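Peer 1: So that you have it, the file is final02.cif, and it contains mmCIF, C-alpha atoms and all ligand atoms:
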```
data_entry
#
loop_
_atom_site.label_atom_id
_atom_site.label_comp_id
_atom_site.auth_asym_id
_atom_site.auth_seq_id
_atom_site.Cartn_x
_atom_site.Cartn_y
_atom_site.Cartn_z
CA MET L 1 0.00 0.00 0.00
CA GLU L 2 2.90 2.39 -0.65
CA ILE L 3 1.73 5.79 -1.77
CA THR L 4 3.69 7.90 -4.24
CA THR L 5 4.78 11.48 -3.62
CA ALA L 6 2.60 12.51 -6.57
CA GLN L 7 -0.44 11.02 -4.82
CA VAL L 8 0.40 12.85 -1.58
CA PHE L 9 0.45 16.17 -3.42
CA SER L 10 -2.44 15.44 -5.78
CA GLY L 11 -4.50 18.13 -4.01
CA LEU L 12 -2.31 20.77 -5.64
CA ALA L 13 -3.69 19.59 -8.98
CA GLY L 14 -0.43 20.33 -10.76
CA GLN L 15 -0.15 23.90 -9.47
CA ASP L 16 3.36 25.02 -8.62
CA PRO L 17 3.57 25.54 -4.83
CA ASP L 18 6.31 28.12 -5.38
CA VAL L 19 3.63 30.23 -7.05
CA LEU L 20 0.56 29.13 -5.07
CA PHE L 21 2.17 29.62 -1.66
CA SER L 22 4.66 32.36 -2.62
CA ALA L 23 3.12 35.03 -0.36
CA LEU L 24 2.75 32.86 2.75
CA PRO L 25 4.93 33.67 5.76
CA THR L 26 6.79 30.48 6.67
CA PRO L 27 6.66 28.13 8.38
CA CYS L 28 2.92 27.66 8.10
CA TYR L 29 0.42 24.86 7.75
CA VAL L 30 -2.04 24.84 4.89
CA ILE L 31 -5.15 22.67 5.19
CA ASP L 32 -6.51 21.60 1.83
CA GLU L 33 -10.30 21.81 1.92
CA LYS L 34 -10.82 19.82 -1.26
CA GLN L 35 -8.74 16.88 -0.03
CA LEU L 36 -10.58 16.94 3.28
CA GLU L 37 -13.88 16.86 1.45
CA ARG L 38 -12.65 13.95 -0.67
CA ASN L 39 -11.83 11.97 2.48
CA GLY L 40 -15.12 12.98 4.11
CA THR L 41 -17.08 11.81 1.08
CA CYS L 42 -15.28 8.46 1.06
CA LEU L 43 -16.16 7.94 4.74
CA ALA L 44 -19.74 9.10 4.28
CA GLU L 45 -20.20 6.64 1.42
CA LEU L 46 -18.76 3.84 3.54
CA ALA L 47 -21.24 4.69 6.31
CA LYS L 48 -24.09 4.73 3.82
CA ARG L 49 -23.17 1.41 2.23
CA THR L 50 -22.60 -0.43 5.51
CA GLY L 51 -24.78 1.33 8.08
CA CYS L 52 -21.75 1.86 10.33
CA LYS L 53 -21.09 5.19 12.03
CA VAL L 54 -17.81 7.03 11.49
CA LEU L 55 -16.43 9.50 14.04
CA LEU L 56 -13.53 11.94 13.78
CA ALA L 57 -10.79 11.09 16.31
CA GLN L 58 -9.88 14.65 17.21
CA LYS L 59 -6.46 13.72 18.57
CA ALA L 60 -5.30 13.53 14.94
CA PHE L 61 -7.10 16.54 13.54
CA SER L 62 -9.05 19.14 15.45
CA ASN L 63 -9.02 22.20 13.22
CA PHE L 64 -12.62 22.97 13.98
CA ASP L 65 -13.01 25.51 11.20
CA PHE L 66 -13.45 22.44 9.03
CA TYR L 67 -16.01 20.72 11.27
CA PRO L 68 -18.94 22.20 9.33
CA LEU L 69 -17.55 20.54 6.22
CA LEU L 70 -17.08 17.21 8.03
CA ASP L 71 -20.39 17.48 9.85
CA GLY L 72 -22.21 16.38 6.71
CA CYS L 73 -20.00 13.31 6.35
CA LEU L 74 -19.47 11.99 9.88
CA ALA L 75 -21.64 10.83 12.77
CA GLY L 76 -19.68 12.88 15.30
CA THR L 77 -16.41 13.21 17.14
CA GLU L 78 -14.25 11.10 19.41
CA ALA L 79 -12.34 12.74 22.25
CA SER L 80 -9.50 11.62 24.49
CA GLY L 81 -10.11 14.14 27.21
CA LEU L 82 -12.12 17.01 28.58
CA TYR L 83 -11.12 19.73 26.14
CA GLU L 84 -11.49 17.62 23.02
CA ALA L 85 -14.92 16.52 24.26
CA ARG L 86 -15.93 20.16 24.76
CA LEU L 87 -14.58 21.11 21.36
CA GLY L 88 -16.55 18.32 19.71
CA LYS L 89 -19.70 19.37 21.53
CA GLU L 90 -19.22 23.06 20.75
CA GLU L 91 -18.17 22.73 17.14
CA MET L 92 -19.93 19.59 15.91
CA GLY L 93 -22.57 19.62 18.59
CA GLY L 94 -25.47 18.35 16.59
CA ARG L 95 -23.60 15.05 16.32
CA GLU L 96 -22.49 12.37 18.78
CA VAL L 97 -19.60 12.98 21.15
CA HIS L 98 -17.70 9.87 22.27
CA VAL L 99 -14.98 9.89 24.90
CA PHE L 100 -12.32 7.37 25.78
CA CYS L 101 -9.64 8.10 28.37
CA ALA L 102 -7.26 5.67 30.07
CA ALA L 103 -8.41 7.08 33.43
CA TYR L 104 -10.95 9.77 34.27
CA ARG L 105 -10.56 12.43 36.96
CA GLU L 106 -13.03 12.77 39.76
CA ASP L 107 -12.94 16.58 39.61
CA SER L 108 -13.92 16.90 35.95
CA PHE L 109 -16.07 13.85 35.35
CA GLU L 110 -19.39 15.65 35.79
CA GLU L 111 -18.30 18.33 33.32
CA LEU L 112 -17.21 15.64 30.87
CA LEU L 113 -20.71 14.20 31.06
CA ASP L 114 -22.07 17.60 29.97
CA TYR L 115 -20.40 16.98 26.60
CA ALA L 116 -20.28 13.20 26.12
CA ASP L 117 -22.94 10.94 24.65
CA HIS L 118 -20.82 7.78 24.83
CA ILE L 119 -18.29 7.26 27.58
CA VAL L 120 -15.80 4.42 27.36
CA PHE L 121 -13.89 3.14 30.38
CA ASN L 122 -10.50 1.52 30.26
CA SER L 123 -10.81 -0.86 33.20
CA PRO L 124 -13.35 -2.54 35.46
CA GLY L 125 -12.07 -0.28 38.26
CA GLN L 126 -12.96 2.88 36.32
CA LEU L 127 -16.32 1.42 35.37
CA ARG L 128 -17.01 0.62 39.02
CA ARG L 129 -16.02 4.15 40.08
CA PHE L 130 -17.81 6.20 37.44
CA GLY L 131 -20.33 3.87 35.77
CA THR L 132 -23.31 4.75 37.98
CA LYS L 133 -22.79 8.50 37.46
CA ALA L 134 -22.61 8.04 33.70
CA LYS L 135 -25.73 5.89 33.66
CA GLN L 136 -27.65 8.34 35.86
CA ARG L 137 -26.88 11.08 33.33
CA GLY L 138 -28.26 8.87 30.56
CA LYS L 139 -24.95 8.13 28.83
CA SER L 140 -24.18 5.13 26.68
CA VAL L 141 -21.46 3.27 28.57
CA GLY L 142 -18.69 1.13 27.13
CA LEU L 143 -15.57 -0.74 28.19
CA ARG L 144 -12.37 -0.83 26.16
CA ILE L 145 -11.17 -4.37 25.72
CA ASN L 146 -7.70 -5.58 24.82
CA PRO L 147 -7.97 -8.48 22.38
CA GLU L 148 -4.22 -9.17 22.81
CA CYS L 149 -3.72 -9.41 19.08
CA SER L 150 -0.69 -7.44 17.85
CA THR L 151 -0.87 -6.84 14.12
CA GLN L 152 1.69 -4.05 13.79
CA GLU L 153 5.32 -4.21 12.91
CA GLY L 154 7.85 -1.59 13.81
CA HIS L 155 5.79 0.94 15.75
CA GLY L 156 5.91 -0.54 19.26
CA ILE L 157 4.69 2.61 20.99
CA TYR L 158 1.54 2.51 18.85
CA ASP L 159 0.64 -1.07 19.76
CA PRO L 160 -2.00 -1.19 22.50
CA CYS L 161 -1.82 -4.99 22.39
CA ALA L 162 1.87 -5.16 23.32
CA PRO L 163 2.61 -7.23 26.44
CA GLY L 164 2.03 -5.19 29.59
CA SER L 165 -0.15 -2.62 27.79
CA ARG L 166 -2.17 -0.25 29.99
CA LEU L 167 -4.83 0.15 27.30
CA GLY L 168 -7.93 -1.98 27.45
CA THR L 169 -9.24 -4.77 29.66
CA THR L 170 -7.78 -8.19 28.95
CA ARG L 171 -9.96 -11.27 29.23
CA GLU L 172 -7.98 -12.29 32.27
CA LEU L 173 -8.79 -8.99 34.03
CA TRP L 174 -12.42 -9.22 32.89
CA ASP L 175 -12.73 -12.67 34.49
CA ARG L 176 -11.19 -11.42 37.69
CA GLU L 177 -13.13 -8.18 38.12
CA MET L 178 -16.23 -7.93 35.93
CA THR L 179 -19.17 -8.77 38.16
CA GLU L 180 -22.62 -9.36 36.67
CA GLU L 181 -23.60 -5.91 37.96
CA LEU L 182 -20.70 -4.27 36.09
CA VAL L 183 -21.47 -6.14 32.88
CA GLY L 184 -25.02 -4.86 33.28
CA PHE L 185 -23.75 -1.27 32.98
CA LEU L 186 -22.39 -1.89 29.52
CA ASP L 187 -24.05 -0.76 26.31
CA GLY L 188 -21.01 -1.50 24.20
CA LEU L 189 -17.43 -2.64 23.83
CA HIS L 190 -14.56 -0.69 22.32
CA PHE L 191 -11.21 -1.80 20.95
CA HIS L 192 -8.44 0.19 19.32
CA THR L 193 -5.43 -1.78 18.14
CA LEU L 194 -4.41 -0.49 14.70
CA CYS L 195 -2.15 2.24 13.37
CA GLU L 196 -2.13 3.13 9.65
CA GLN L 197 -3.29 -0.38 8.81
CA ASN L 198 -5.35 -2.16 6.20
CA ALA L 199 -8.61 -4.05 6.72
CA ASP L 200 -7.05 -7.51 6.81
CA ASP L 201 -5.50 -6.59 10.16
CA LEU L 202 -8.90 -5.44 11.39
CA ALA L 203 -10.41 -8.76 10.31
CA ARG L 204 -7.69 -10.63 12.24
CA THR L 205 -8.31 -8.44 15.25
CA LEU L 206 -12.04 -9.07 15.14
CA GLU L 207 -11.35 -12.83 15.18
CA ALA L 208 -9.36 -12.31 18.38
CA VAL L 209 -12.16 -10.16 19.82
CA GLU L 210 -14.66 -12.91 19.05
CA LYS L 211 -12.44 -15.59 20.55
CA ARG L 212 -11.92 -13.70 23.81
CA PHE L 213 -15.08 -11.63 24.22
CA GLY L 214 -17.58 -13.08 21.72
CA GLU L 215 -19.86 -14.48 24.41
CA PHE L 216 -20.61 -10.94 25.72
CA LEU L 217 -21.26 -9.27 22.38
CA PRO L 218 -24.89 -10.38 21.89
CA ARG L 219 -25.66 -8.38 25.06
CA MET L 220 -24.16 -5.19 23.60
CA LYS L 221 -25.84 -2.46 21.57
CA TRP L 222 -22.65 -1.31 19.87
CA LEU L 223 -19.08 -2.26 19.04
CA ASN L 224 -16.55 0.52 18.49
CA MET L 225 -13.60 -0.66 16.39
CA GLY L 226 -11.38 2.33 17.20
CA GLY L 227 -9.07 4.06 14.76
CA GLY L 228 -5.95 3.25 12.79
CA HIS L 229 -7.92 2.27 9.68
CA HIS L 230 -6.24 3.87 6.65
CA ILE L 231 -9.57 3.90 4.85
CA THR L 232 -8.95 6.88 2.56
CA LYS L 233 -5.51 5.75 1.43
CA VAL L 234 -5.05 4.55 -2.14
CA GLY L 235 -5.12 0.76 -2.15
CA TYR L 236 -7.09 0.33 1.10
CA ASP L 237 -9.20 -2.83 0.97
CA LEU L 238 -12.70 -1.37 1.38
CA ALA L 239 -14.38 -4.66 0.48
CA CYS L 240 -12.64 -6.44 3.37
CA LEU L 241 -13.60 -3.62 5.75
CA GLU L 242 -17.23 -3.80 4.66
CA LYS L 243 -17.27 -7.57 5.08
CA THR L 244 -15.81 -7.23 8.58
CA ILE L 245 -18.39 -4.61 9.56
CA ALA L 246 -21.22 -6.77 8.20
CA TYR L 247 -19.91 -9.77 10.12
CA ALA L 248 -20.12 -7.89 13.42
CA GLN L 249 -23.55 -6.47 12.61
CA ASN L 250 -24.97 -9.82 11.55
CA THR L 251 -23.35 -12.01 14.19
CA TRP L 252 -24.04 -9.90 17.27
CA GLY L 253 -26.67 -7.41 16.14
CA VAL L 254 -24.42 -4.51 17.19
CA GLU L 255 -24.19 -1.00 15.78
CA VAL L 256 -20.62 -0.59 14.49
CA TYR L 257 -18.57 2.56 15.10
CA LEU L 258 -15.21 3.45 13.56
CA GLU L 259 -13.22 6.39 14.88
CA PRO L 260 -10.38 7.13 12.46
CA GLY L 261 -8.25 10.23 12.85
CA GLU L 262 -5.65 9.98 10.12
CA ALA L 263 -8.06 8.75 7.48
CA VAL L 264 -10.22 11.85 7.88
CA ALA L 265 -7.44 14.30 7.10
CA LEU L 266 -5.01 12.09 5.19
CA ASN L 267 -2.97 14.06 2.65
CA ALA L 268 -5.12 17.11 3.38
CA GLY L 269 -2.39 19.44 4.60
CA TYR L 270 1.04 20.85 3.89
CA LEU L 271 3.76 22.44 5.96
CA VAL L 272 5.33 25.24 3.96
CA SER L 273 8.89 26.03 4.97
CA ARG L 274 11.94 27.77 3.61
CA VAL L 275 15.66 27.08 3.69
CA LEU L 276 17.54 29.32 6.14
CA ASP L 277 21.04 28.01 5.54
CA VAL L 278 22.96 25.18 3.95
CA ILE L 279 25.96 23.84 5.84
CA GLU L 280 28.55 21.21 5.03
CA ASN L 281 29.73 18.52 7.42
CA GLY L 282 30.40 15.22 5.71
CA ALA L 283 29.01 13.71 2.55
CA VAL L 284 25.52 15.20 2.60
CA PRO L 285 24.92 18.98 2.72
CA ILE L 286 22.51 19.95 5.49
CA ALA L 287 19.68 22.36 4.70
CA ILE L 288 18.47 24.06 7.86
CA LEU L 289 14.84 25.04 7.51
CA ASP L 290 12.58 27.43 9.38
CA ALA L 291 10.40 24.39 10.23
CA SER L 292 11.41 21.94 12.94
CA ALA L 293 10.71 18.23 13.28
CA ALA L 294 10.74 18.58 17.07
CA CYS L 295 8.32 21.51 17.18
CA HIS L 296 6.15 21.38 14.09
CA MET L 297 5.96 17.72 13.03
CA PRO L 298 6.76 15.86 16.28
CA ASP L 299 5.67 12.46 14.96
CA VAL L 300 8.65 12.53 12.60
CA LEU L 301 10.80 11.96 15.69
CA GLU L 302 8.29 10.18 17.88
CA MET L 303 6.97 7.56 15.49
CA PRO L 304 9.48 7.94 13.71
CA TYR L 305 8.83 8.48 10.00
CA GLN L 306 10.16 10.46 7.06
CA PRO L 307 7.56 12.85 5.62
CA PRO L 308 7.06 13.28 1.88
CA VAL L 309 8.55 16.43 0.33
CA TYR L 310 7.29 18.02 -2.87
CA CYS L 311 9.54 17.31 -5.86
CA ALA L 312 12.08 15.45 -3.75
CA ASP L 313 13.00 11.81 -3.61
CA ALA L 314 13.51 9.89 -0.40
CA ASP L 315 16.36 8.11 -2.19
CA PRO L 316 19.31 10.49 -1.74
CA ALA L 317 21.06 8.89 -4.73
CA ARG L 318 18.68 10.37 -7.31
CA GLY L 319 19.72 14.04 -7.63
CA TYR L 320 21.25 16.60 -5.33
CA PRO L 321 21.21 15.01 -1.88
CA TYR L 322 20.37 17.05 1.21
CA ARG L 323 19.68 16.33 4.84
CA LEU L 324 16.70 18.46 5.90
CA ALA L 325 16.90 19.64 9.48
CA GLY L 326 15.22 22.04 11.88
CA PRO L 327 16.60 25.21 13.48
CA THR L 328 16.36 24.12 17.16
CA CYS L 329 19.24 23.21 19.47
CA LEU L 330 18.24 19.52 19.47
CA ALA L 331 20.99 17.61 17.65
CA GLY L 332 18.39 15.14 16.48
CA ASP L 333 16.07 17.76 14.96
CA VAL L 334 16.56 16.05 11.62
CA ILE L 335 13.69 15.44 9.20
CA GLY L 336 15.47 13.10 6.81
CA ASP L 337 17.66 12.68 3.74
CA TYR L 338 16.23 13.54 0.34
CA SER L 339 17.43 14.31 -3.15
CA PHE L 340 16.27 17.38 -5.05
CA PRO L 341 16.33 18.03 -8.78
CA ARG L 342 18.32 21.23 -8.14
CA ARG L 343 20.70 22.66 -5.58
CA LEU L 344 19.05 24.25 -2.53
CA LYS L 345 19.91 27.74 -1.35
CA GLY L 346 18.66 30.12 1.33
CA GLY L 347 15.05 31.21 0.72
CA ASP L 348 14.04 28.15 -1.33
CA MET L 349 10.67 26.68 -0.44
CA VAL L 350 10.51 23.12 0.95
CA LEU L 351 6.99 21.75 1.05
CA PHE L 352 6.07 18.82 3.28
CA GLY L 353 3.01 16.70 2.52
CA ASP L 354 0.44 14.91 4.68
CA MET L 355 0.81 17.56 7.35
CA ALA L 356 -2.80 17.98 8.51
CA ILE L 357 -2.63 15.05 10.93
CA TYR L 358 -0.94 14.95 14.34
CA THR L 359 0.69 18.35 13.70
CA THR L 360 -1.42 21.43 14.45
CA CYS L 361 -2.87 19.66 17.51
CA LYS L 362 0.51 18.37 18.70
CA ASN L 363 3.08 21.08 17.99
CA ASN L 364 5.02 23.06 20.58
CA THR L 365 7.18 26.15 21.08
CA PHE L 366 10.40 24.46 22.27
CA ASN L 367 13.34 26.87 21.97
CA GLY L 368 10.91 29.75 21.61
CA MET L 369 10.02 28.62 18.11
CA PRO L 370 6.92 30.38 16.82
CA LEU L 371 3.85 28.25 16.22
CA PRO L 372 3.19 28.20 12.48
CA ASP L 373 0.03 29.99 11.39
CA ILE L 374 -2.70 27.83 9.89
CA TRP L 375 -4.15 28.63 6.49
CA LYS L 376 -6.96 27.15 4.50
CA LEU L 377 -6.61 26.36 0.80
CA ASP L 378 -10.24 26.55 -0.19
CA LYS L 379 -11.94 24.74 -3.04
CA GLU L 380 -11.33 27.69 -5.37
CA LYS L 381 -7.62 27.53 -4.48
CA GLN L 382 -7.85 30.76 -2.49
CA LEU L 383 -5.74 31.01 0.66
CA VAL L 384 -7.44 32.16 3.86
CA ARG L 385 -5.59 32.61 7.15
CA LEU L 386 -7.33 30.77 10.03
CA THR L 387 -4.97 31.45 12.91
CA GLN L 388 -2.08 33.73 13.69
CA PHE L 389 0.32 33.06 16.54
CA GLY L 390 2.89 35.27 18.13
CA TYR L 391 5.12 35.85 21.12
CA GLU L 392 2.12 36.12 23.48
CA ASP L 393 1.10 32.52 22.72
CA PHE L 394 4.57 31.36 23.73
CA LYS L 395 4.73 33.52 26.85
CA ARG L 396 1.21 32.86 28.17
CA ARG L 397 1.96 29.17 28.65
CA LEU L 398 4.96 29.87 30.84
CA GLY L 399 3.79 32.21 33.53
CA LYS L 400 1.74 35.09 34.73
CA GLY L 401 4.38 37.81 34.66
CA ILE L 402 3.85 39.27 38.13
C1 LIG L 501 -8.81 5.19 21.08
C2 LIG L 501 -8.36 5.74 19.78
N1 LIG L 501 -9.25 5.95 18.81
C3 LIG L 501 -8.89 6.47 17.61
C4 LIG L 501 -7.57 6.79 17.33
C5 LIG L 501 -7.24 7.38 15.99
O1 LIG L 501 -6.27 6.65 15.32
P1 LIG L 501 -5.81 7.05 13.85
O2 LIG L 501 -5.54 8.51 13.82
O3 LIG L 501 -4.57 6.26 13.65
O4 LIG L 501 -6.91 6.66 12.91
C6 LIG L 501 -6.59 6.56 18.31
C7 LIG L 501 -5.19 6.88 18.06
O5 LIG L 501 -4.32 6.74 18.86
C8 LIG L 501 -7.00 6.04 19.58
O6 LIG L 501 -6.11 5.85 20.56
#
```
Can I see the file as structure tokens?
Ligand SMILES: Cc1ncc(COP(=O)(O)O)c(C=O)c1O
Peer 2:
Amino acid sequence: MEITTAQVFSGLAGQDPDVLFSALPTPCYVIDEKQLERNGTCLAELAKRTGCKVLLAQKAFSNFDFYPLLDGCLAGTEASGLYEARLGKEEMGGREVHVFCAAYREDSFEELLDYADHIVFNSPGQLRRFGTKAKQRGKSVGLRINPECSTQEGHGIYDPCAPGSRLGTTRELWDREMTEELVGFLDGLHFHTLCEQNADDLARTLEAVEKRFGEFLPRMKWLNMGGGHHITKVGYDLACLEKTIAYAQNTWGVEVYLEPGEAVALNAGYLVSRVLDVIENGAVPIAILDASAACHMPDVLEMPYQPPVYCADADPARGYPYRLAGPTCLAGDVIGDYSFPRRLKGGDMVLFGDMAIYTTCKNNTFNGMPLPDIWKLDKEKQLVRLTQFGYEDFKRRLGKGI
């Protein structure tokens, strides 16, 4: 399911970013409305064909200016905490708000219930502590299960099924702690085990869910299959996904939810940056950009992965090789090695693709780096500024200034 650089930048429809983005102050993010709509339509059609409900996992993308556009395509939002839940309620409020958190706080649980329609607990202990309150407020209550079925390679920190995981209730824990009264609280079960994966891995996971928890599913109203489904990616096996959804619906009579984050905003954003300097130390010249991996695309270091760059090849042997790096003091603020069709010099634009997800909601101001502004590229290819950040945004997070 490898995707080409041309596919990543297909939203530009052949327009030269040097011209299209020439006036933008860098670094900045640009969210591509047309690409977002394309993803939204794909998910809406899936929901229509299968009868499943698709939610936006806001942890990946929470640029709420686009929620009206997504509102027509999705059944609601999924939140990981209080503020995301409030944002979903405020900005896509006519739709469902689902919340999952590894552990809820006593002091904000009532407020959380003001926003949530579905509330998913991570453990029998949490269900015991908060289940009655949630039920009394008329919420649909779920428990996250851990089917103990690892299907990922390479990204250990993204595998909730890894041995010793804190995410989800294993069958062993269920047997130890789930009393009949606690099971009676449950309207649904939730699992999230995938990360950028295809539907065959979901099908395998569902087999493990059935093996370990199948006996409880006929008592449930819904089954939430989490996120990590790369549904909108070229080559994704939609037929297998649809078969898997139908299997759950027909076998247990449950309503099926999916809560993708990445798939909603896949390839729907760019990070526009410029070269500040080129320095030599060894075989590969290093282009220092005004964008930082550590601050502006943290998953590049955390996951880690190498983001696609417009008109550049990830194979440094195919042109003029450069190591792209950020301006911070972190020695490892390195984005990756690429080759360009021409030599790079100060002021040249470097355009990163697939930058709508896990960026604007995850960036930081380490080293006093400015937060990049966020722009919209609308369907008419007009650029509209959505946010503007400055020194005050950096300072406000650090103190009161007595
Ligand atoms: C519980 C849950 N749901 C949904 C998601 C969204 O995953 P993705 O953005 O990979 O689709 C995540 C991601 O970590 C998650 O933990």
Peer 1: Within 7 Å of stretch 297-306 of chain L, counting all atoms listed in the file, which residues qualify if same-chain residues fewer than 6 places away don't, as number ranges by chain?
Peer 2: L: 155, 335-336, 359, 363
Peer 1: Would you mind telling me which residue in L:Tyr338, L:Phe9, L:Phe185, L:Tyr247 lies nearest to L:Val284 when using only C-alpha atoms?
Peer 2: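 Among L:Tyr338, L:Phe9, L:Phe185, L:Tyr247, it is L:Tyr338 that comes nearest to L:Val284.
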Peer 1: List as a JSON list (two decimals) with C-alpha atoms, in the frame of the given file: which residues have an atom within 10 Å of (-13.7, -3.9, 25.8), counting all atoms listed in the file?
Peer 2:
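For reference, out.json as written:
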```
[["chain", "number", "residue", "atom", "x", "y", "z"],
["L", 120, "VAL", "CA", -15.80, 4.42, 27.36],
["L", 121, "PHE", "CA", -13.89, 3.14, 30.38],
["L", 122, "ASN", "CA", -10.50, 1.52, 30.26],
["L", 123, "SER", "CA", -10.81, -0.86, 33.20],
["L", 124, "PRO", "CA", -13.35, -2.54, 35.46],
["L", 142, "GLY", "CA", -18.69, 1.13, 27.13],
["L", 143, "LEU", "CA", -15.57, -0.74, 28.19],
["L", 144, "ARG", "CA", -12.37, -0.83, 26.16],
["L", 145, "ILE", "CA", -11.17, -4.37, 25.72],
["L", 146, "ASN", "CA", -7.70, -5.58, 24.82],
["L", 147, "PRO", "CA", -7.97, -8.48, 22.38],
["L", 167, "LEU", "CA", -4.83, 0.15, 27.30],
["L", 168, "GLY", "CA", -7.93, -1.98, 27.45],
["L", 169, "THR", "CA", -9.24, -4.77, 29.66],
["L", 170, "THR", "CA", -7.78, -8.19, 28.95],
["L", 171, "ARG", "CA", -9.96, -11.27, 29.23],
["L", 174, "TRP", "CA", -12.42, -9.22, 32.89],
["L", 186, "LEU", "CA", -22.39, -1.89, 29.52],
["L", 188, "GLY", "CA", -21.01, -1.50, 24.20],
["L", 189, "LEU", "CA", -17.43, -2.64, 23.83],
["L", 190, "HIS", "CA", -14.56, -0.69, 22.32],
["L", 191, "PHE", "CA", -11.21, -1.80, 20.95],
["L", 192, "HIS", "CA", -8.44, 0.19, 19.32],
["L", 209, "VAL", "CA", -12.16, -10.16, 19.82],
["L", 213, "PHE", "CA", -15.08, -11.63, 24.22],
["L", 216, "PHE", "CA", -20.61, -10.94, 25.72],
["L", 217, "LEU", "CA", -21.26, -9.27, 22.38],
["L", 223, "LEU", "CA", -19.08, -2.26, 19.04],
["L", 224, "ASN", "CA", -16.55, 0.52, 18.49],
["L", 225, "MET", "CA", -13.60, -0.66, 16.39]]
```
Peer 1: Report the closest atom pair, with its distance in Å rounded to one decimal, for each residue of chain L that has an atom no farther than 7 Å from ligand LIG 501 (chain L); count only C-alpha atoms and all ligand atoms, sort by chain and then rising residue number, and write it as JSON lines.
Peer 2:
```
{"residue": "L:Ala57", "atom": "CA", "partner": "L:LIG501", "partner_atom": "C5", "distance": 5.1}
{"residue": "L:Lys59", "atom": "CA", "partner": "L:LIG501", "partner_atom": "C5", "distance": 6.9}
{"residue": "L:Ala60", "atom": "CA", "partner": "L:LIG501", "partner_atom": "O2", "distance": 5.1}
{"residue": "L:Phe100", "atom": "CA", "partner": "L:LIG501", "partner_atom": "C1", "distance": 6.3}
{"residue": "L:His192", "atom": "CA", "partner": "L:LIG501", "partner_atom": "C1", "distance": 5.3}
{"residue": "L:Leu194", "atom": "CA", "partner": "L:LIG501", "partner_atom": "O3", "distance": 6.8}
{"residue": "L:Cys195", "atom": "CA", "partner": "L:LIG501", "partner_atom": "O3", "distance": 4.7}
{"residue": "L:Glu196", "atom": "CA", "partner": "L:LIG501", "partner_atom": "O3", "distance": 5.6}
{"residue": "L:Gly226", "atom": "CA", "partner": "L:LIG501", "partner_atom": "N1", "distance": 4.5}
{"residue": "L:Gly227", "atom": "CA", "partner": "L:LIG501", "partner_atom": "C3", "distance": 3.7}
{"residue": "L:Gly228", "atom": "CA", "partner": "L:LIG501", "partner_atom": "O3", "distance": 3.4}
{"residue": "L:His229", "atom": "CA", "partner": "L:LIG501", "partner_atom": "O4", "distance": 5.5}
{"residue": "L:His230", "atom": "CA", "partner": "L:LIG501", "partner_atom": "O4", "distance": 6.9}
{"residue": "L:Glu259", "atom": "CA", "partner": "L:LIG501", "partner_atom": "C3", "distance": 5.1}
{"residue": "L:Pro260", "atom": "CA", "partner": "L:LIG501", "partner_atom": "O4", "distance": 3.5}
{"residue": "L:Gly261", "atom": "CA", "partner": "L:LIG501", "partner_atom": "O2", "distance": 3.4}
{"residue": "L:Glu262", "atom": "CA", "partner": "L:LIG501", "partner_atom": "O2", "distance": 4.0}
{"residue": "L:Ala263", "atom": "CA", "partner": "L:LIG501", "partner_atom": "O4", "distance": 5.9}
```
Peer 1: Hey, can you check how far atom CA of L:Arg176 sits from atom CA of L:Arg212?
Peer 2: 14.1 Å
Peer 1: Go ahead and compute the interatomic distance for atom CA of L:Gln35 and atom CA of L:Asn267, in Å to one decimal.
Peer 2: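 These two atoms are separated by 7.0 Å.
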Peer 1: Using all atoms listed in the file, give me every residue within 10 Å of (-20.7, 17.5, 29.5) in file coordinates, as a list in words.
Peer 2: Leu82, Ala85, Arg86, Lys89, Val97, Ser108, Phe109, Glu110, Glu111, Leu112, Leu113, Asp114, Tyr115, Ala116, Asp117 and Arg137 of chain L
Peer 1: Rank nothing, just name the residue among L:Gly40, L:Gly88, L:Gly235, L:Pro341 nearest to L:Gln7, using only C-alpha atoms.
Peer 2: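 Among the listed residues, the smallest separation from L:Gln7 belongs to L:Gly235.
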Peer 1: When you draw a straight line from atom CA of L:Ser273 to atom CA of L:Thr232, how long is it in Å?
Peer 2: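 Separation of atom CA of L:Ser273 and atom CA of L:Thr232: 26.3 Å.
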Peer 1: Looking at all atoms listed in the file, which of L:Leu271, L:Leu398, L:Ile279, L:Leu74 is the one that sits closest to L:Val309?
Peer 2: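 Nearest to L:Val309: L:Leu271.
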